[in-house]
>>> print(open('target-v4.cif').read())   # mmCIF, C-alpha atoms
data_run
loop_
_atom_site.label_atom_id
_atom_site.label_comp_id
_atom_site.auth_asym_id
_atom_site.auth_seq_id
_atom_site.Cartn_x
_atom_site.Cartn_y
_atom_site.Cartn_z
CA MET A 871 10.18 -9.88 -11.68
CA SER A 872 9.15 -8.01 -8.60
CA GLU A 873 6.02 -8.68 -6.61
CA PRO A 874 3.14 -6.24 -7.01
CA SER A 875 3.27 -3.36 -4.61
CA VAL A 876 0.71 -4.68 -2.22
CA SER A 877 1.48 -5.55 1.34
CA LEU A 878 0.34 -8.97 2.42
CA PRO A 879 -0.39 -8.75 6.11
CA PHE A 880 -1.90 -12.21 6.21
CA ARG A 881 0.47 -15.09 6.34
CA VAL A 882 -1.17 -18.44 6.28
CA THR A 883 -0.54 -19.29 9.86
CA GLU A 884 -4.00 -20.63 10.53
CA PHE A 885 -3.57 -23.51 8.08
CA ALA A 886 -2.03 -26.06 10.40
CA PRO A 887 -1.29 -29.51 8.90
CA SER A 888 -4.35 -30.97 10.62
CA ASN A 889 -6.47 -28.24 9.04
CA ILE A 890 -5.07 -29.05 5.59
CA GLU A 891 -5.88 -32.74 6.12
CA ARG A 892 -9.38 -31.81 7.13
CA ARG A 893 -9.86 -29.65 4.05
CA LEU A 894 -8.70 -32.51 1.84
CA GLU A 895 -11.20 -34.77 3.62
CA PHE A 896 -13.94 -32.23 2.95
CA VAL A 897 -13.46 -32.60 -0.81
CA ASN A 898 -12.97 -36.36 -0.36
CA LEU A 899 -9.61 -36.56 -2.12
CA GLY A 900 -8.35 -40.16 -1.86
CA PRO A 901 -5.36 -42.14 -3.19
CA GLU A 902 -7.27 -43.25 -6.28
CA ASP A 903 -7.89 -39.57 -7.09
CA ARG A 904 -4.19 -38.82 -6.81
CA ALA A 905 -3.44 -41.73 -9.17
CA ARG A 906 -5.94 -40.46 -11.74
CA ILE A 907 -4.54 -36.94 -11.50
CA THR A 908 -1.07 -38.30 -12.27
CA ILE A 909 -2.47 -39.89 -15.44
CA ILE A 910 -4.03 -36.70 -16.75
CA LYS A 911 -1.12 -34.51 -15.66
CA PRO A 912 0.16 -33.98 -19.25
CA ASP A 913 -3.25 -32.65 -20.30
CA VAL A 914 -2.72 -29.76 -17.92
CA VAL A 915 1.03 -29.23 -17.98
CA ASP A 916 1.45 -29.51 -21.77
CA HIS A 917 -1.25 -26.93 -22.46
CA LEU A 918 -0.58 -24.42 -19.72
CA ASP A 919 -0.94 -21.31 -21.87
CA GLU A 920 -4.19 -22.51 -23.32
CA HIS A 921 -5.73 -23.05 -19.88
CA VAL A 922 -4.38 -19.85 -18.35
CA SER A 923 -5.68 -17.91 -21.33
CA ALA A 924 -9.10 -19.50 -20.90
CA PHE A 925 -9.19 -18.04 -17.42
CA PHE A 926 -8.02 -14.54 -18.32
CA ASP A 927 -9.89 -14.33 -21.63
CA HIS A 928 -13.05 -15.02 -19.69
CA LEU A 929 -12.24 -12.25 -17.24
CA VAL A 930 -11.51 -9.72 -19.98
CA LYS A 931 -15.02 -10.12 -21.35
CA PHE A 932 -16.43 -8.40 -18.31
CA GLU A 933 -16.37 -4.80 -17.29
CA GLU A 934 -16.02 -5.84 -13.62
CA SER A 935 -12.50 -7.19 -14.14
CA ARG A 936 -11.13 -3.75 -14.99
CA GLY A 937 -9.46 -3.44 -11.59
CA LEU A 938 -7.32 -6.47 -12.31
CA MET A 939 -6.81 -6.00 -16.03
CA SER A 940 -5.76 -2.35 -15.86
CA ARG A 941 -2.89 -3.08 -13.53
CA ARG A 942 0.10 -4.41 -15.45
CA ASP A 943 1.93 -5.56 -12.31
CA PHE A 944 -1.16 -7.32 -10.97
CA ILE A 945 -1.90 -9.13 -14.17
CA ASP A 946 1.68 -10.28 -14.73
CA THR A 947 1.90 -11.66 -11.24
CA ALA A 948 -1.54 -13.20 -11.45
CA ARG A 949 -0.67 -14.95 -14.74
CA ARG A 950 2.58 -16.25 -13.36
CA LEU A 951 0.92 -17.49 -10.17
CA LYS A 952 -1.85 -19.08 -12.22
CA ARG A 953 0.68 -21.07 -14.26
CA GLU A 954 2.40 -22.18 -11.09
CA HIS A 955 -1.00 -23.00 -9.69
CA LEU A 956 -1.89 -25.34 -12.53
CA ILE A 957 1.47 -27.13 -12.33
CA ALA A 958 1.11 -27.55 -8.57
CA MET A 959 -2.52 -28.55 -8.92
CA VAL A 960 -1.55 -31.76 -10.70
CA GLY A 961 1.65 -32.14 -8.68
CA GLY A 962 -0.09 -34.08 -5.94
CA ASN A 963 1.64 -32.25 -3.11
CA TYR A 964 -1.02 -30.21 -1.34
CA SER A 965 1.14 -28.92 1.47
CA HIS A 966 1.37 -25.70 3.40
CA ASP A 967 3.31 -24.05 0.56
CA TYR A 968 0.58 -24.96 -1.87
CA ILE A 969 -2.04 -23.33 0.32
CA ASP A 970 0.16 -20.32 0.86
CA GLN A 971 0.34 -19.77 -2.91
CA ARG A 972 -3.44 -20.09 -3.28
CA PHE A 973 -3.90 -17.64 -0.47
CA ARG A 974 -1.61 -15.06 -2.06
CA LEU A 975 -3.38 -15.39 -5.37
CA GLY A 976 -6.71 -14.86 -3.62
CA GLN A 977 -5.36 -11.71 -1.99
CA ILE A 978 -4.19 -10.32 -5.31
CA TYR A 979 -7.68 -10.82 -6.75
CA SER A 980 -9.13 -9.18 -3.71
CA ARG A 981 -6.79 -6.18 -3.90
CA ALA A 982 -7.79 -5.82 -7.53
CA SER A 983 -11.42 -5.79 -6.31
CA LEU A 984 -12.31 -8.80 -8.41
CA GLU A 985 -15.79 -10.01 -7.54
CA VAL A 986 -16.04 -13.51 -6.11
CA SER A 987 -18.84 -14.34 -8.56
CA LEU A 988 -16.78 -13.28 -11.59
CA PHE A 989 -13.79 -15.17 -10.28
CA MET A 990 -15.95 -18.29 -10.00
CA GLY A 991 -17.06 -17.90 -13.59
CA ALA A 992 -13.49 -17.56 -14.82
CA PHE A 993 -12.39 -20.51 -12.75
CA HIS A 994 -15.12 -22.55 -14.37
CA ALA A 995 -13.89 -21.52 -17.81
CA LEU A 996 -10.44 -22.71 -16.79
CA MET A 997 -11.77 -26.05 -15.59
CA ALA A 998 -13.80 -26.43 -18.78
CA SER A 999 -10.66 -25.90 -20.82
CA ILE A 1000 -8.85 -28.58 -18.84
CA GLY A 1001 -11.91 -30.83 -18.99
CA ARG A 1002 -11.92 -30.78 -22.80
CA ARG A 1003 -8.28 -31.87 -22.91
CA VAL A 1004 -8.97 -34.66 -20.43
CA MET A 1005 -11.92 -35.94 -22.46
CA HIS A 1006 -9.73 -36.07 -25.59
CA ARG A 1007 -7.48 -38.55 -23.80
CA PHE A 1008 -10.37 -41.00 -23.40
CA PRO A 1009 -12.20 -40.91 -26.76
CA LYS A 1010 -13.56 -44.45 -26.37
CA ASP A 1011 -14.45 -44.29 -22.69
CA PRO A 1012 -16.12 -41.01 -21.74
CA LEU A 1013 -17.07 -42.35 -18.30
CA ALA A 1014 -13.40 -42.90 -17.41
CA GLY A 1015 -12.62 -39.42 -18.71
CA PHE A 1016 -15.33 -38.00 -16.53
CA GLU A 1017 -14.03 -39.88 -13.46
CA HIS A 1018 -10.52 -38.57 -14.07
CA PHE A 1019 -11.79 -35.07 -14.49
CA LEU A 1020 -13.85 -35.35 -11.28
CA SER A 1021 -10.71 -36.25 -9.35
CA LEU A 1022 -9.07 -33.08 -10.56
CA LYS A 1023 -12.23 -31.16 -9.80
CA LYS A 1024 -11.90 -32.16 -6.15
CA VAL A 1025 -8.56 -30.38 -6.04
CA ALA A 1026 -10.16 -27.44 -7.83
CA PHE A 1027 -12.83 -27.11 -5.19
CA PHE A 1028 -10.20 -27.44 -2.49
CA ASP A 1029 -8.46 -24.47 -4.14
CA ILE A 1030 -11.60 -22.42 -4.57
CA ALA A 1031 -12.35 -22.75 -0.87
CA ILE A 1032 -8.93 -21.38 0.02
CA ILE A 1033 -9.05 -18.55 -2.50
CA ALA A 1034 -12.53 -17.60 -1.32
CA ASP A 1035 -11.26 -17.65 2.26
CA ALA A 1036 -8.41 -15.37 1.27
CA MET A 1037 -10.73 -12.93 -0.47
CA MET A 1038 -13.05 -12.87 2.52
CA ALA A 1039 -10.18 -12.51 4.99
CA ASP A 1040 -8.98 -9.54 2.99
CA ARG A 1041 -12.38 -7.90 3.11
CA GLU A 1042 -12.69 -8.50 6.81
CA GLN A 1043 -9.32 -6.87 7.24
CA THR A 1044 -10.55 -3.82 5.33
CA ILE A 1045 -13.67 -3.65 7.46
CA ARG A 1046 -11.61 -3.90 10.61
CA GLN A 1047 -9.37 -1.06 9.46
CA GLN A 1048 -12.37 1.10 8.69
CA GLN A 1049 -13.91 0.40 12.08
CA GLU A 1050 -10.62 1.35 13.63
CA ALA A 1051 -10.60 4.60 11.68
CA ILE A 1052 -14.15 5.42 12.76
CA ARG A 1053 -13.25 4.74 16.35
CA GLU A 1054 -10.25 7.03 16.17
CA LEU A 1055 -12.29 9.77 14.60
CA SER A 1056 -15.15 9.59 17.01
CA THR A 1057 -13.36 10.41 20.23
CA PRO A 1058 -11.74 13.81 20.03
CA THR A 1059 -10.64 15.64 23.16
CA LEU A 1060 -11.27 19.35 23.03
CA GLN A 1061 -9.72 21.94 25.25
CA VAL A 1062 -12.27 24.67 25.97
CA ARG A 1063 -10.40 26.52 28.68
CA GLU A 1064 -7.02 26.21 30.25
CA ARG A 1065 -7.03 22.89 32.14
CA LEU A 1066 -10.57 22.05 31.06
CA LEU A 1067 -11.23 19.36 28.47
CA VAL A 1068 -14.47 18.35 26.80
CA LEU A 1069 -14.83 14.81 25.52
CA PRO A 1070 -17.94 14.22 23.43
CA ILE A 1071 -18.72 10.53 23.05
CA ILE A 1072 -20.84 9.44 20.13
CA GLY A 1073 -21.99 5.98 19.22
CA LEU A 1074 -21.65 2.66 20.89
CA LEU A 1075 -19.51 2.15 23.97
CA ASP A 1076 -18.18 -1.39 24.03
CA THR A 1077 -15.37 -2.74 26.14
CA GLN A 1078 -12.68 -2.13 23.55
CA ARG A 1079 -13.79 1.39 22.80
CA ALA A 1080 -14.17 2.21 26.47
CA ARG A 1081 -10.59 1.16 26.97
CA GLN A 1082 -9.37 3.26 24.04
CA LEU A 1083 -11.41 6.14 25.34
CA THR A 1084 -9.90 5.87 28.81
CA GLU A 1085 -6.40 5.69 27.36
CA GLY A 1086 -7.01 8.65 25.08
CA LEU A 1087 -8.52 10.65 27.91
CA LEU A 1088 -5.63 9.97 30.27
CA GLN A 1089 -3.07 10.86 27.62
CA ALA A 1090 -4.96 14.08 26.99
CA VAL A 1091 -5.10 14.85 30.70
CA ARG A 1092 -1.36 14.60 30.83
CA ALA A 1093 -0.75 16.49 27.59
CA HIS A 1094 -3.05 19.42 28.47
CA ARG A 1095 -2.46 19.21 32.22
CA ALA A 1096 -6.22 19.07 32.63
CA ARG A 1097 -7.82 19.33 36.03
CA VAL A 1098 -11.43 18.90 34.95
CA VAL A 1099 -12.83 16.81 32.11
CA VAL A 1100 -16.42 17.11 30.95
CA MET A 1101 -17.50 13.86 29.32
CA ASP A 1102 -20.64 14.32 27.27
CA ILE A 1103 -22.63 11.17 26.60
CA THR A 1104 -25.56 12.77 24.77
CA GLY A 1105 -24.56 10.81 21.67
CA VAL A 1106 -24.44 7.43 23.39
CA ALA A 1107 -27.64 5.69 22.44
CA THR A 1108 -27.89 3.12 25.20
CA VAL A 1109 -26.36 3.20 28.63
CA ASP A 1110 -26.65 -0.14 30.40
CA SER A 1111 -24.85 -1.44 33.47
CA LYS A 1112 -21.86 -2.44 31.37
CA VAL A 1113 -21.44 1.00 29.84
CA ALA A 1114 -21.97 2.56 33.26
CA ASN A 1115 -19.19 0.37 34.60
CA HIS A 1116 -16.86 1.54 31.86
CA LEU A 1117 -17.70 5.13 32.72
CA ILE A 1118 -16.99 4.54 36.40
CA GLN A 1119 -13.63 3.01 35.55
CA THR A 1120 -12.73 5.93 33.31
CA VAL A 1121 -13.66 8.42 36.00
CA GLU A 1122 -11.66 6.60 38.65
CA ALA A 1123 -8.61 6.27 36.41
CA ALA A 1124 -8.74 9.99 35.69
CA ALA A 1125 -9.07 10.71 39.40
CA LEU A 1126 -5.83 8.80 39.98
CA MET A 1127 -4.16 11.34 37.72
CA GLY A 1128 -5.68 14.19 39.66
CA ALA A 1129 -8.42 15.07 37.20
CA THR A 1130 -12.09 15.41 38.10
CA VAL A 1131 -14.52 14.03 35.54
CA VAL A 1132 -18.02 15.42 35.15
CA ILE A 1133 -20.41 13.36 33.05
CA THR A 1134 -23.04 15.30 31.16
CA GLY A 1135 -25.81 14.57 28.71
CA VAL A 1136 -27.67 12.09 30.86
CA SER A 1137 -31.11 12.19 29.31
CA ALA A 1138 -34.32 11.49 31.19
CA ASN A 1139 -34.57 8.06 29.56
CA VAL A 1140 -31.01 7.13 30.36
CA ALA A 1141 -31.37 8.30 33.95
CA GLN A 1142 -34.54 6.29 34.41
CA SER A 1143 -33.10 3.15 32.90
CA LEU A 1144 -30.00 3.43 35.09
CA VAL A 1145 -32.17 3.72 38.16
CA THR A 1146 -34.26 0.76 37.03
CA LEU A 1147 -31.12 -1.30 36.50
CA GLY A 1148 -29.92 -0.31 39.96
CA VAL A 1149 -26.61 1.09 38.70
CA ASP A 1150 -24.89 3.16 41.35
CA LEU A 1151 -23.31 6.27 39.86
CA GLY A 1152 -23.29 8.01 43.21
CA ARG A 1153 -19.55 8.52 43.22
CA ILE A 1154 -19.64 10.34 39.90
CA THR A 1155 -20.84 13.85 39.21
CA THR A 1156 -23.51 13.55 36.54
CA LEU A 1157 -25.46 16.41 35.03
CA CYS A 1158 -28.20 16.73 32.47
CA ASP A 1159 -26.56 18.79 29.75
CA LEU A 1160 -23.22 20.09 28.53
CA GLN A 1161 -23.94 23.62 29.69
CA SER A 1162 -24.37 22.65 33.32
CA GLY A 1163 -21.27 20.51 32.99
CA LEU A 1164 -19.22 23.47 31.79
CA GLU A 1165 -20.62 25.64 34.56
CA GLU A 1166 -19.73 23.02 37.14
CA ALA A 1167 -16.24 22.69 35.67
CA GLU A 1168 -15.73 26.44 35.77
CA ARG A 1169 -16.83 26.45 39.38
CA ILE A 1170 -14.29 23.74 40.25
CA LEU A 1171 -11.54 25.63 38.43
CA GLY A 1172 -12.53 28.88 40.12
CA TYR A 1173 -13.68 30.74 37.03
CA ARG A 1174 -16.48 33.25 37.30
CA VAL A 1175 -18.11 34.08 34.00
CA MET A 1176 -19.84 37.44 33.83
CA ARG A 1177 -21.74 39.23 31.13
CA ALA A 1178 -20.04 42.48 30.15
CA ASP A 1179 -22.47 45.36 30.30
CA PRO A 1180 -22.60 47.03 27.83
CA PRO A 1181 -21.50 44.16 25.49
CA ILE A 1182 -17.92 44.41 24.34
CA GLU A 1183 -17.64 45.27 20.66
CA ALA A 1184 -15.84 42.79 18.48
CA VAL A 1185 -12.50 44.23 17.46
CA MET B 1459 17.08 0.81 46.31
CA PRO B 1460 15.89 3.11 49.11
CA VAL B 1461 13.75 6.09 48.18
CA PRO B 1462 15.26 9.52 48.85
CA ILE B 1463 13.03 11.79 50.95
CA LEU B 1464 13.49 15.52 50.45
CA LYS B 1465 12.29 18.17 52.85
CA GLN B 1466 10.81 21.29 51.34
CA GLY B 1467 9.53 23.57 54.05
CA GLN B 1468 6.69 21.83 55.75
CA ILE B 1469 6.37 19.25 53.02
CA LEU B 1470 8.18 15.95 52.57
CA ILE B 1471 8.76 14.76 49.02
CA ALA B 1472 9.51 11.11 48.37
CA SER B 1473 10.64 10.76 44.80
CA ILE B 1474 10.63 7.16 43.62
CA GLN B 1475 13.35 6.67 41.01
CA ALA B 1476 13.09 3.02 40.05
CA ALA B 1477 10.94 -0.05 40.53
CA LEU B 1478 10.51 -0.86 44.20
CA THR B 1479 10.64 -4.15 46.04
CA ASP B 1480 8.15 -4.80 48.82
CA HIS B 1481 10.98 -4.29 51.26
CA ASP B 1482 11.75 -0.83 49.82
CA LEU B 1483 8.09 0.10 50.18
CA ILE B 1484 7.95 -0.90 53.83
CA GLN B 1485 11.15 1.02 54.46
CA LEU B 1486 9.63 4.09 52.78
CA LYS B 1487 6.54 3.77 54.94
CA ASP B 1488 8.60 3.54 58.15
CA GLU B 1489 10.81 6.46 57.23
CA LEU B 1490 7.94 8.71 56.26
CA ALA B 1491 6.06 7.90 59.46
CA ASP B 1492 9.18 8.81 61.41
CA GLN B 1493 10.08 11.98 59.50
CA VAL B 1494 6.57 13.43 59.50
CA GLY B 1495 6.87 13.67 63.28
CA ARG B 1496 10.51 14.73 63.33
CA PHE B 1497 10.09 17.64 60.91
CA ARG B 1498 6.52 18.42 61.98
CA SER B 1499 5.48 18.22 58.31
CA ARG B 1500 2.07 19.25 57.07
CA GLY B 1501 2.12 17.35 53.82
CA VAL B 1502 3.69 14.34 52.13
CA ILE B 1503 4.11 14.00 48.39
CA ILE B 1504 4.97 10.65 46.86
CA ASP B 1505 6.09 10.95 43.26
CA VAL B 1506 5.50 7.73 41.32
CA THR B 1507 6.19 9.12 37.83
CA ALA B 1508 8.99 6.61 37.31
CA LEU B 1509 6.84 3.58 38.11
CA ASP B 1510 5.12 1.63 35.36
CA VAL B 1511 3.53 -0.83 37.77
CA LEU B 1512 1.58 -0.31 40.97
CA ASP B 1513 0.45 -3.66 42.35
CA SER B 1514 -1.91 -4.46 45.19
CA PHE B 1515 0.85 -4.36 47.77
CA ALA B 1516 2.03 -0.98 46.56
CA THR B 1517 -1.46 0.53 46.59
CA ARG B 1518 -2.11 -0.91 50.05
CA THR B 1519 1.16 0.53 51.30
CA LEU B 1520 0.33 3.94 49.83
CA ARG B 1521 -3.03 3.86 51.61
CA GLY B 1522 -1.18 2.87 54.78
CA ILE B 1523 1.26 5.75 54.42
CA ALA B 1524 -1.61 8.20 53.91
CA ALA B 1525 -3.49 6.92 56.95
CA THR B 1526 -0.36 6.98 59.11
CA ALA B 1527 0.59 10.48 58.03
CA GLN B 1528 -2.97 11.65 58.59
CA LEU B 1529 -2.75 10.44 62.19
CA ARG B 1530 0.39 12.52 62.63
CA GLY B 1531 -1.24 15.57 61.07
CA ALA B 1532 0.01 15.46 57.49
CA GLN B 1533 -1.90 15.05 54.27
CA THR B 1534 -0.54 12.71 51.59
CA VAL B 1535 -0.70 13.28 47.86
CA VAL B 1536 0.40 10.69 45.32
CA VAL B 1537 1.53 12.39 42.13
CA GLY B 1538 2.55 11.32 38.63
CA ILE B 1539 0.51 8.15 38.17
CA GLN B 1540 0.97 7.22 34.51
CA PRO B 1541 -2.08 6.66 32.26
CA ASP B 1542 -1.37 2.95 31.84
CA VAL B 1543 -0.86 2.54 35.57
CA ALA B 1544 -4.14 4.31 36.30
CA ILE B 1545 -6.02 2.03 33.92
CA ALA B 1546 -4.39 -1.05 35.42
CA ILE B 1547 -5.25 0.02 38.97
CA VAL B 1548 -8.88 0.59 38.07
CA GLN B 1549 -9.19 -2.63 36.10
CA LEU B 1550 -7.65 -4.70 38.86
CA GLY B 1551 -10.19 -3.19 41.23
CA LEU B 1552 -7.52 -1.65 43.46
CA THR B 1553 -8.29 1.62 45.14
CA LEU B 1554 -6.39 4.54 46.53
CA GLN B 1555 -9.25 5.67 48.69
CA GLY B 1556 -8.25 8.22 51.28
CA VAL B 1557 -5.21 9.20 49.23
CA ALA B 1558 -5.27 12.43 47.27
CA THR B 1559 -3.85 12.24 43.77
CA ALA B 1560 -2.50 14.93 41.47
CA LEU B 1561 -1.07 15.11 37.98
CA ASP B 1562 2.51 15.97 38.90
CA LEU B 1563 4.70 17.44 41.61
CA GLU B 1564 3.66 21.01 40.86
CA GLU B 1565 -0.02 20.15 41.15
CA GLY B 1566 0.62 18.18 44.31
CA LEU B 1567 2.36 21.13 45.95
CA GLN B 1568 -0.50 23.40 44.95
CA LEU B 1569 -3.03 20.96 46.40
CA LEU B 1570 -1.21 20.94 49.74
CA ARG B 1571 -0.92 24.73 49.86
CA ARG B 1572 -4.67 25.14 49.73
CA PRO B 1573 -6.55 25.44 53.06
CA PRO B 1574 -7.07 21.93 54.46
CA ASN B 1575 -10.88 22.05 54.29
CA ARG B 1576 -10.87 22.59 50.53
CA ASN B 1577 -9.04 19.52 49.28
CA ARG B 1578 -10.71 17.16 46.86
CA THR B 1579 -9.94 13.89 48.63
CA SER B 1580 -13.48 13.02 49.76
#
>>> encode(input="target-v4.cif", output="structure tokens")
Amino acid sequence: MSEPSVSLPFRVTEFAPSNIERRLEFVNLGPEDRARITIIKPDVVDHLDEHVSAFFDHLVKFEESRGLMSRRDFIDTARRLKREHLIAMVGGNYSHDYIDQRFRLGQIYSRASLEVSLFMGAFHALMASIGRRVMHRFPKDPLAGFEHFLSLKKVAFFDIAIIADAMMADREQTIRQQQEAIRELSTPTLQVRERLLVLPIIGLLDTQRARQLTEGLLQAVRAHRARVVVMDITGVATVDSKVANHLIQTVEAAALMGATVVITGVSANVAQSLVTLGVDLGRITTLCDLQSGLEEAERILGYRVMRADPPIEAV
Amino acid sequence: MPVPILKQGQILIASIQAALTDHDLIQLKDELADQVGRFRSRGVIIDVTALDVLDSFATRTLRGIAATAQLRGAQTVVVGIQPDVAIAIVQLGLTLQGVATALDLEEGLQLLRRPPNRNRTS
């Protein structure tokens, strides 16, 4: 059977052996636990379908699991992985491969937009199903049954932690991608005249974005053979010394490629705070609004804009 | 590999073809200093389009070439600095002060053809 058509960008590289050891210490899994798990192994392995069904039957009850349940390929893979999971869970070998499998399962849940809370509920149903089987083994000594079940529960919590990590990692990845997309969108370069570019900057200017911005600007300078670039920072909320430094670097880099940069949209507040901070923007041409920036750019390029009198009719 | 220097009217064009050793750079500097006087050139263009690295020694040498040529009556323009190179120069805190820069050879030639008091070196 083929894997579901989801790409898995995360490989479990961050789970070094020492990290695995540490995680096992966190749940306090000792040799006596491993011995107990070996004893109750048949209760899990001989009733695999029953336990796996407990998990998925619980999920089906809820509307929120639609994402997982409506995808045939997801559900088949998830069921198969769950069976493998249960066998491995009582196998006693909690190695890198074991974690890797948990991580993949977590990612499948995440791709199917399964809520963590619902997953927890289903996992509990699964453990309850196993717990009942374990208790049947010790009809005369419920305390021993409980101890044996607790040992298995340690492994279960070890698993839950990994699956939760995987689901969170997947979400963080999505957030990162979206941030990336927003960044890309928010820095267009517009050509307004031959050899004159306008670059409106909106939002926050951090180091990474400043770098992207500089790169994008320089590529655009080369592509459009721009001589003057008007960079409008009206939409930049705060300009501190760090942002100012980024701007200076951008301007100097552009100058190395023969382009003059004019910065516009310096509001009264921004200007005052820059002066208070003692930031020296003396080497850069800064102007108050986009209009004066365009006029300055036209002057540099040698354009003279005149009003036609009488106005020219639109054709 | 030595850098070929072409003479185009009153302008010398040094077109760098491949990565340069420090020795090549010094040789370029010496030759340009010599040829500016010999051909009574008015301008020098150094085309660095082919370079993907400009280190501190290279930028210092370029500044040196510009200053030397200036003393012999020629203005220097460095053309074709790649975007990545420009970013690296700025981030390393290197400067090309006193050296005019232009997008490419064509722009560089145009810059030199303008009357001397109107260049944008400042």
>>> atom_distance(input="target-v4.cif", atom1="atom CA of B:Pro1541", atom2="atom CA of A:Leu1088")
5.2 Å
>>> resolve_selection(input="target-v4.cif", expression="the PyMOL selection byres ((chain B) within 7 of (chain A))", output="list in words")
Gly1538, Ile1539, Pro1541, Ala1544, Ile1545, Val1548, Thr1559, Ala1560 and Leu1561 of chain B
>>> write_last_selection(input="target-v4.cif", atoms="C-alpha atoms", output="PDB file, in the coordinates of the input")
ATOM      1  CA  GLY B1538       2.550  11.320  38.630  1.00  0.00           C
ATOM      2  CA  ILE B1539       0.510   8.150  38.170  1.00  0.00           C
ATOM      3  CA  PRO B1541      -2.080   6.660  32.260  1.00  0.00           C
ATOM      4  CA  ALA B1544      -4.140   4.310  36.300  1.00  0.00           C
ATOM      5  CA  ILE B1545      -6.020   2.030  33.920  1.00  0.00           C
ATOM      6  CA  VAL B1548      -8.880   0.590  38.070  1.00  0.00           C
ATOM      7  CA  THR B1559      -3.850  12.240  43.770  1.00  0.00           C
ATOM      8  CA  ALA B1560      -2.500  14.930  41.470  1.00  0.00           C
ATOM      9  CA  LEU B1561      -1.070  15.110  37.980  1.00  0.00           C
TER      10      LEU B1561
END
>>> closest_residue(input="target-v4.cif", among="A:Ser923, A:Ser983, A:Asn1139, A:Thr1108", to="A:Ser999", atoms="all atoms listed in the file")
A:Ser923
>>> closest_residue(input="target-v4.cif", among="A:Ala1093, A:Met1037, A:Ala1141, A:Val1004", to="B:Asp1562", atoms="all atoms listed in the file")
A:Ala1093
>>> resolve_selection(input="target-v4.cif", expression="the PyMOL selection byres ((chain A and resi 975) around 9)", output="list in words")
Thr947, Ala948, Leu951, Lys952, Asp970, Gln971, Arg972, Phe973, Arg974, Gly976, Gln977, Ile978, Tyr979, Ser980, Ile1033 and Ala1036 of chain A
>>> closest_residue(input="target-v4.cif", among="B:Ala1491, B:Ile1484, B:Leu1529, B:Ile1503", to="B:Gln1466", atoms="all atoms listed in the file")
B:Ile1503
>>> atom_distance(input="target-v4.cif", atom1="atom CA of B:Phe1497", atom2="atom CA of B:His1481")
24.0 Å
>>> residues_near_point(input="target-v4.cif", point="(-11.5, -16.2, -19.1)", cutoff="10 Å", atoms="only C-alpha atoms", output="VMD selection string")
chain A and resid 921 to 932 988 to 989 991 to 996 999
>>> atom_distance(input="target-v4.cif", atom1="atom CA of B:Ala1472", atom2="atom CA of B:Gln1533")
13.4 Å
>>> closest_residue(input="target-v4.cif", among="B:Phe1515, B:Gln1549, B:Val1494, B:Ile1474", to="B:Val1537", atoms="only C-alpha atoms")
B:Ile1474
>>> closest_residue(input="target-v4.cif", among="B:Leu1552, B:Ile1471, B:Arg1496, B:Thr1526", to="B:Glu1564", atoms="all atoms listed in the file")
B:Ile1471
>>> resolve_selection(input="target-v4.cif", expression="the PyMOL selection byres ((chain A and resi 1067) around 8)", output="PyMOL selection string")
chain A and resi 1059-1063+1065-1066+1068-1069+1091+1096+1098-1100
>>> decode(input="target-v4.cif", residues="stretch 1146-1171 of chain A", atoms="C-alpha atoms", output="PDB file, in the first residue's frame")
ATOM      1  CA  THR A1146      16.287  61.643  19.888  1.00  0.00           C
ATOM      2  CA  LEU A1147      18.027  58.313  19.355  1.00  0.00           C
ATOM      3  CA  GLY A1148      20.921  60.118  17.707  1.00  0.00           C
ATOM      4  CA  VAL A1149      20.724  58.064  14.503  1.00  0.00           C
ATOM      5  CA  ASP A1150      22.740  59.641  11.726  1.00  0.00           C
ATOM      6  CA  LEU A1151      20.926  59.410   8.411  1.00  0.00           C
ATOM      7  CA  GLY A1152      22.934  62.275   6.983  1.00  0.00           C
ATOM      8  CA  ARG A1153      24.305  60.238   4.118  1.00  0.00           C
ATOM      9  CA  ILE A1154      20.836  59.293   2.928  1.00  0.00           C
ATOM     10  CA  THR A1155      18.331  61.465   1.120  1.00  0.00           C
ATOM     11  CA  THR A1156      15.171  61.386   3.209  1.00  0.00           C
ATOM     12  CA  LEU A1157      11.953  63.197   2.418  1.00  0.00           C
ATOM     13  CA  CYS A1158       8.603  63.556   4.078  1.00  0.00           C
ATOM     14  CA  ASP A1159       6.244  62.025   1.540  1.00  0.00           C
ATOM     15  CA  LEU A1160       6.139  59.916  -1.603  1.00  0.00           C
ATOM     16  CA  GLN A1161       5.314  62.889  -3.805  1.00  0.00           C
ATOM     17  CA  SER A1162       8.470  64.773  -2.916  1.00  0.00           C
ATOM     18  CA  GLY A1163      10.387  61.545  -3.365  1.00  0.00           C
ATOM     19  CA  LEU A1164       9.071  61.123  -6.896  1.00  0.00           C
ATOM     20  CA  GLU A1165       9.830  64.752  -7.685  1.00  0.00           C
ATOM     21  CA  GLU A1166      13.361  64.348  -6.396  1.00  0.00           C
ATOM     22  CA  ALA A1167      13.781  61.148  -8.417  1.00  0.00           C
ATOM     23  CA  GLU A1168      12.536  62.850 -11.559  1.00  0.00           C
ATOM     24  CA  ARG A1169      14.989  65.665 -10.961  1.00  0.00           C
ATOM     25  CA  ILE A1170      17.873  63.188 -10.653  1.00  0.00           C
ATOM     26  CA  LEU A1171      16.791  61.404 -13.822  1.00  0.00           C
TER      27      LEU A1171
END
